[in-house]
Structure formats: C-alpha cells, structure tokens
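Asker: So here's protein_26.pdb (PDB, C-alpha atoms).
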```pdb
ATOM      1  CA  MET A   1      -5.896   2.749  96.853
ATOM      2  CA  LYS A   2      -6.406   5.288  99.640
ATOM      3  CA  SER A   3      -5.465   2.742 102.325
ATOM      4  CA  LEU A   4      -2.295   1.805 100.401
ATOM      5  CA  PHE A   5      -1.316   5.494 100.249
ATOM      6  CA  THR A   6      -2.052   5.901 103.961
ATOM      7  CA  CYS A   7       0.012   2.797 104.734
ATOM      8  CA  LEU A   8       2.982   4.066 102.699
ATOM      9  CA  ILE A   9       2.861   7.482 104.383
ATOM     10  CA  GLY A  10       2.689   5.826 107.808
ATOM     11  CA  LEU A  11       5.623   3.605 106.951
ATOM     12  CA  ALA A  12       7.675   6.616 105.813
ATOM     13  CA  VAL A  13       6.921   8.449 109.069
ATOM     14  CA  PHE A  14       8.189   5.548 111.168
ATOM     15  CA  VAL A  15      11.117   4.445 108.998
ATOM     16  CA  ALA A  16      12.670   7.882 108.338
ATOM     17  CA  PRO A  17      13.691   8.533 111.977
ATOM     18  CA  VAL A  18      15.166   5.050 112.265
ATOM     19  CA  LEU A  19      17.211   5.529 109.102
ATOM     20  CA  GLY A  20      18.399   8.869 110.442
ATOM     21  CA  MET A  21      19.595   7.207 113.642
ATOM     22  CA  ALA A  22      21.366   4.433 111.746
ATOM     23  CA  ALA A  23      23.992   6.912 110.509
ATOM     24  CA  SER A  24      24.889   8.023 114.016
ATOM     25  CA  LYS A  25      27.506   6.500 116.274
ATOM     26  CA  ASN A  26      27.141   5.793 119.956
ATOM     27  CA  LEU A  27      29.124   5.485 123.146
ATOM     28  CA  GLN A  28      27.814   3.192 125.830
ATOM     29  CA  LEU A  29      27.919   3.510 129.598
ATOM     30  CA  ARG A  30      29.770   6.802 129.901
ATOM     31  CA  GLU A  31      29.853   9.022 132.969
ATOM     32  CA  ILE A  32      29.215  12.742 132.529
ATOM     33  CA  VAL A  33      31.755  14.568 134.701
ATOM     34  CA  LYS A  34      31.109  18.155 133.617
ATOM     35  CA  LEU A  35      28.418  20.177 131.835
ATOM     36  CA  GLN A  36      29.114  23.524 130.181
ATOM     37  CA  VAL A  37      25.900  25.421 129.458
ATOM     38  CA  ALA A  38      25.899  28.575 127.332
ATOM     39  CA  GLU A  39      23.487  31.492 127.607
ATOM     40  CA  THR A  40      21.819  30.217 124.415
ATOM     41  CA  GLY A  41      20.890  26.926 126.093
ATOM     42  CA  ASN A  42      23.384  24.954 123.997
ATOM     43  CA  PHE A  43      25.731  22.808 126.050
ATOM     44  CA  VAL A  44      28.762  20.532 126.067
ATOM     45  CA  MET A  45      29.020  17.254 127.976
ATOM     46  CA  HIS A  46      32.424  16.167 129.221
ATOM     47  CA  ILE A  47      32.780  12.444 129.837
ATOM     48  CA  ALA A  48      35.276  10.625 132.041
ATOM     49  CA  GLN A  49      36.425   7.878 129.703
ATOM     50  CA  PRO A  50      37.836   8.634 126.258
ATOM     51  CA  GLY A  51      35.388   8.084 123.466
ATOM     52  CA  ASP A  52      35.641   8.663 119.732
ATOM     53  CA  THR A  53      39.065  10.129 118.998
ATOM     54  CA  THR A  54      37.663  12.133 116.068
ATOM     55  CA  CYS A  55      35.807  14.212 118.670
ATOM     56  CA  GLN A  56      37.386  17.167 120.456
ATOM     57  CA  SER A  57      39.497  16.757 123.577
ATOM     58  CA  GLU A  58      40.444  13.147 122.830
ATOM     59  CA  GLY A  59      36.814  12.111 122.571
ATOM     60  CA  LYS A  60      35.770  13.506 125.931
ATOM     61  CA  MET A  61      33.532  16.372 124.710
ATOM     62  CA  TYR A  62      30.108  15.983 123.069
ATOM     63  CA  TYR A  63      28.100  19.013 121.936
ATOM     64  CA  VAL A  64      24.356  19.683 121.915
ATOM     65  CA  PHE A  65      23.378  22.672 119.779
ATOM     66  CA  LYS A  66      19.997  23.776 118.500
ATOM     67  CA  ASP A  67      19.459  23.119 114.786
ATOM     68  CA  TYR A  68      22.358  20.665 114.539
ATOM     69  CA  ASN A  69      21.783  16.974 113.952
ATOM     70  CA  GLY A  70      18.017  17.472 113.969
ATOM     71  CA  VAL A  71      17.882  18.815 117.544
ATOM     72  CA  THR A  72      15.228  21.491 118.120
ATOM     73  CA  GLU A  73      15.130  24.054 120.922
ATOM     74  CA  ARG A  74      12.803  21.768 122.885
ATOM     75  CA  GLY A  75      15.201  18.920 122.162
ATOM     76  CA  VAL A  76      18.123  20.883 123.614
ATOM     77  CA  ASN A  77      16.087  21.501 126.777
ATOM     78  CA  ALA A  78      15.108  17.834 127.057
ATOM     79  CA  LEU A  79      18.677  16.659 126.460
ATOM     80  CA  LEU A  80      20.004  19.147 129.001
ATOM     81  CA  SER A  81      17.600  17.985 131.699
ATOM     82  CA  THR A  82      18.504  14.368 130.916
ATOM     83  CA  ALA A  83      22.226  15.163 131.086
ATOM     84  CA  MET A  84      21.764  17.109 134.347
ATOM     85  CA  THR A  85      19.843  14.197 135.870
ATOM     86  CA  ALA A  86      22.586  11.760 134.885
ATOM     87  CA  PHE A  87      25.291  14.110 136.168
ATOM     88  CA  ALA A  88      23.586  14.777 139.505
ATOM     89  CA  ALA A  89      22.668  11.138 140.166
ATOM     90  CA  GLY A  90      25.884   9.627 138.821
ATOM     91  CA  ILE A  91      23.955   7.581 136.239
ATOM     92  CA  LYS A  92      25.872   6.378 133.194
ATOM     93  CA  VAL A  93      24.573   7.257 129.744
ATOM     94  CA  ASP A  94      24.692   6.120 126.158
ATOM     95  CA  ILE A  95      25.410   9.044 123.822
ATOM     96  CA  TYR A  96      24.252   8.962 120.194
ATOM     97  CA  TYR A  97      26.102  11.499 118.056
ATOM     98  CA  ASP A  98      27.236  12.420 114.557
ATOM     99  CA  ASP A  99      30.997  12.323 114.057
ATOM    100  CA  ALA A 100      30.956  14.254 110.762
ATOM    101  CA  THR A 101      32.709  17.133 112.564
ATOM    102  CA  SER A 102      35.102  17.206 115.508
ATOM    103  CA  ALA A 103      32.288  18.683 117.640
ATOM    104  CA  CYS A 104      30.499  15.295 117.596
ATOM    105  CA  MET A 105      26.999  16.759 117.731
ATOM    106  CA  THR A 106      24.780  14.756 120.074
ATOM    107  CA  LYS A 107      21.247  13.808 119.088
ATOM    108  CA  GLN A 108      20.184  11.457 121.882
ATOM    109  CA  ILE A 109      21.141  10.549 125.444
ATOM    110  CA  VAL A 110      19.972   7.321 127.083
ATOM    111  CA  LEU A 111      20.131   6.861 130.853
ATOM    112  CA  ARG A 112      21.462   3.440 131.903
ATOM    113  CA  LYS A 113      21.572   1.598 135.214
TER
END
```
Please, can you express the file's structure as structure tokens?

Answerer:
Amino acid sequence: MKSLFTCLIGLAVFVAPVLGMAASKNLQLREIVKLQVAETGNFVMHIAQPGDTTCQSEGKMYYVFKDYNGVTERGVNALLSTAMTAFAAGIKVDIYYDDATSACMTKQIVLRK
C-alpha cells in the first residue's frame, strides 16, 4: 500500500507540470530584437516576426513577470539570461506563453539552432 501511495505521488509530481504546459501556446524559431528590462527584474521580449495577434503590439511583445504564469524570481532571472544569450548571439528561440491576457505572459524560452 505504501509503495502504491509513493507511486501515485511521484506520478502527480511529474504529470502536473506537463499538464500545466499543455495549456500554453508557443511560437517557434523567433528572433529577439529588443529586450526591455525593468528595475524589478521583469522584462519584455520584442520579436522580429509577428506572432499571436492576441498579444500586444501585433504579437511582437512577450512579457516575463515574477509570480505570473508560475514564474518565480529565480525563473525570471533564468529566463532573462536565456533571452540575453539568444539576443546577443542571434539565436532563434521558441517562446511558450499564456495568451489569456494581451500581455502573453511567457513561462519558458527554448534556444534553437
């Protein structure tokens, strides 16, 4: 019985994040052309090609804010360093975001070659 309980808890730990990601949308192979960083550490990525038209600025702005879309303060820092790396090196990214608001709050950035 204890091993069944442990198995169910383990399954919940691994399945919950995947289910959370399933609700998000993504853009693939986008180039970050501008980063706006606020004094709070929150930031906005501007992309070259239009994305989701429900997002601000014709789908060219994607926001990363602490405590939105499950992003922690450490998450904001990690996402910012990933975005800065992509921007500086000209690497295209996949952006995973929530389109529930026009801010299109980003939760994950994937570097792509």

Asker: For this structure, which residues satisfy the selection - the PyMOL selection byres ((chain A and resi 50) around 6) - when it is evaluated on the file as given? I want them as a ChimeraX atom specification.

Answerer: /A:49,51,59-60

Asker: Between A:Val64, A:Cys104, A:Val93, A:Leu35, which residue has the minimum interatomic distance to Leu79 in chain A, considering all atoms listed in the file?

Answerer: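 Once distances to Leu79 in chain A are computed over all atoms listed in the file, the minimum belongs to A:Val64.
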
Asker: Near Val71 in chain A, counting only C-alpha atoms, which residues have an atom at most 12 Å away, once you skip same-chain residues fewer than 2 positions from it, shown as a list in words?

Answerer: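 Answer for this query is Asn42, Tyr63, Val64, Phe65, Lys66, Asp67, Tyr68, Asn69, Glu73, Arg74, Gly75, Val76, Asn77, Ala78, Leu79, Leu80, Tyr97, Asp98, Met105, Thr106, Lys107, Gln108 and Ile109 of chain A.
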
Asker: Using only C-alpha atoms for the distances, tell me which of A:Ala88, A:Leu29, A:Val37, A:Ile95 is nearest to Lys113 in chain A.

Answerer: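 Closest candidate: A:Leu29.
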
Asker: Could you jot down the CA of Ser102 in chain A to CA of Gly90 in chain A separation for me, Å, one decimal place?

Answerer: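 So the two atoms, CA of Ser102 in chain A and CA of Gly90 in chain A, lie 26.2 Å apart.
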
Asker: Could you please determine the separation between CA of Met45 in chain A and CA of Lys92 in chain A in Å, to one decimal place?

Answerer: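 Calculated distance between CA of Met45 in chain A and CA of Lys92 in chain A is 12.5 Å.
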
Asker: Would you mind telling me which residue in A:Ile32, A:Ile91, A:Leu111, A:Leu27 lies nearest to Asp52 in chain A when using all atoms listed in the file?

Answerer: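 Among the listed residues, the smallest separation from Asp52 in chain A belongs to A:Leu27.
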
Asker: Kindly give the distance, in Å, that separates CA of Cys55 in chain A and CA of Ala38 in chain A, rounded to a single decimal.

Answerer: 19.5 Å

Asker: Which centre and edge lengths in Å to one decimal define the box along x, y and z that fits every listed atom of range 56-75 of chain A plus 6 Å per side, as AutoDock Vina command-line options?

Answerer:
```
--center_x 26.6 --center_y 18.1 --center_z 119.9 --size_x 39.6 --size_y 23.9 --size_z 24.0
```

Asker: I would like the residues chosen by the PyMOL selection byres ((chain A and resi 48) around 6) on the shown file; could you give them as a PyMOL selection string?

Answerer: chain A and resi 31+33+47+49

Asker: Taking all atoms listed in the file into account, which of A:Gln36, A:Thr72, A:Thr101, A:Ser57 comes nearest Met84 in chain A?

Answerer: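 So, comparing all the options, the nearest one is A:Gln36.
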
Asker: Ranking A:Thr53, A:Met61, A:Thr82, A:Ala89 by minimum distance to Val110 in chain A and counting all atoms listed in the file, which one comes first?

Answerer: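 When distances to Val110 in chain A are compared using all atoms listed in the file, the smallest one comes from A:Thr82.
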
Asker: Please complete range 43-74 of chain A so it has N, CA and C atoms, and hand it over as a tab-separated table (two decimals), in the coordinates of the input.

Answerer:
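So rebuild.tsv came out as:
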```
chain	number	residue	atom	x	y	z
A	43	PHE	N	24.83	23.27	125.00
A	43	PHE	CA	25.73	22.81	126.05
A	43	PHE	C	26.71	21.77	125.54
A	44	VAL	N	27.73	21.52	126.36
A	44	VAL	CA	28.76	20.53	126.07
A	44	VAL	C	28.83	19.58	127.25
A	45	MET	N	28.83	18.28	126.94
A	45	MET	CA	29.02	17.25	127.98
A	45	MET	C	30.47	16.79	127.94
A	46	HIS	N	31.08	16.72	129.09
A	46	HIS	CA	32.42	16.17	129.22
A	46	HIS	C	32.27	14.80	129.87
A	47	ILE	N	32.89	13.79	129.27
A	47	ILE	CA	32.78	12.44	129.84
A	47	ILE	C	34.12	12.01	130.40
A	48	ALA	N	34.08	11.06	131.34
A	48	ALA	CA	35.28	10.62	132.04
A	48	ALA	C	36.19	9.78	131.16
A	49	GLN	N	35.62	8.79	130.50
A	49	GLN	CA	36.42	7.88	129.70
A	49	GLN	C	36.55	8.40	128.27
A	50	PRO	N	37.70	8.22	127.66
A	50	PRO	CA	37.84	8.63	126.26
A	50	PRO	C	36.82	7.93	125.38
A	51	GLY	N	36.35	8.65	124.39
A	51	GLY	CA	35.39	8.08	123.47
A	51	GLY	C	35.96	8.05	122.06
A	52	ASP	N	35.25	8.61	121.13
A	52	ASP	CA	35.64	8.66	119.73
A	52	ASP	C	36.77	9.67	119.57
A	53	THR	N	37.91	9.24	119.10
A	53	THR	CA	39.06	10.13	119.00
A	53	THR	C	38.92	11.18	117.90
A	54	THR	N	37.89	11.06	117.04
A	54	THR	CA	37.66	12.13	116.07
A	54	THR	C	36.98	13.32	116.73
A	55	CYS	N	36.47	13.13	117.93
A	55	CYS	CA	35.81	14.21	118.67
A	55	CYS	C	36.84	15.04	119.42
A	56	GLN	N	36.47	16.26	119.77
A	56	GLN	CA	37.39	17.17	120.46
A	56	GLN	C	37.80	16.63	121.82
A	57	SER	N	38.96	17.08	122.26
A	57	SER	CA	39.50	16.76	123.58
A	57	SER	C	39.61	15.24	123.77
A	58	GLU	N	40.22	14.59	122.79
A	58	GLU	CA	40.44	13.15	122.83
A	58	GLU	C	39.16	12.35	123.04
A	59	GLY	N	38.07	12.83	122.47
A	59	GLY	CA	36.81	12.11	122.57
A	59	GLY	C	36.10	12.25	123.90
A	60	LYS	N	36.41	13.31	124.63
A	60	LYS	CA	35.77	13.51	125.93
A	60	LYS	C	34.74	14.63	125.94
A	61	MET	N	34.50	15.27	124.79
A	61	MET	CA	33.53	16.37	124.71
A	61	MET	C	32.49	16.09	123.63
A	62	TYR	N	31.21	16.22	124.00
A	62	TYR	CA	30.11	15.98	123.07
A	62	TYR	C	29.15	17.16	123.16
A	63	TYR	N	28.85	17.76	122.02
A	63	TYR	CA	28.10	19.01	121.94
A	63	TYR	C	26.62	18.78	121.66
A	64	VAL	N	25.79	19.66	122.22
A	64	VAL	CA	24.36	19.68	121.92
A	64	VAL	C	24.01	21.12	121.55
A	65	PHE	N	23.72	21.34	120.28
A	65	PHE	CA	23.38	22.67	119.78
A	65	PHE	C	22.06	22.61	119.04
A	66	LYS	N	21.27	23.64	119.22
A	66	LYS	CA	20.00	23.78	118.50
A	66	LYS	C	20.27	23.82	117.00
A	67	ASP	N	19.42	23.16	116.25
A	67	ASP	CA	19.46	23.12	114.79
A	67	ASP	C	20.63	22.33	114.21
A	68	TYR	N	21.32	21.57	115.03
A	68	TYR	CA	22.36	20.66	114.54
A	68	TYR	C	21.90	19.24	114.80
A	69	ASN	N	22.09	18.39	113.81
A	69	ASN	CA	21.78	16.97	113.95
A	69	ASN	C	20.31	16.73	114.26
A	70	GLY	N	19.45	17.64	113.79
A	70	GLY	CA	18.02	17.47	113.97
A	70	GLY	C	17.48	17.85	115.34
A	71	VAL	N	18.31	18.46	116.19
A	71	VAL	CA	17.88	18.82	117.54
A	71	VAL	C	17.21	20.19	117.53
A	72	THR	N	15.98	20.24	118.03
A	72	THR	CA	15.23	21.49	118.12
A	72	THR	C	15.53	22.18	119.45
A	73	GLU	N	14.95	23.36	119.64
A	73	GLU	CA	15.13	24.05	120.92
A	73	GLU	C	14.56	23.22	122.07
A	74	ARG	N	13.39	22.65	121.86
A	74	ARG	CA	12.80	21.77	122.88
A	74	ARG	C	13.68	20.55	123.11
```
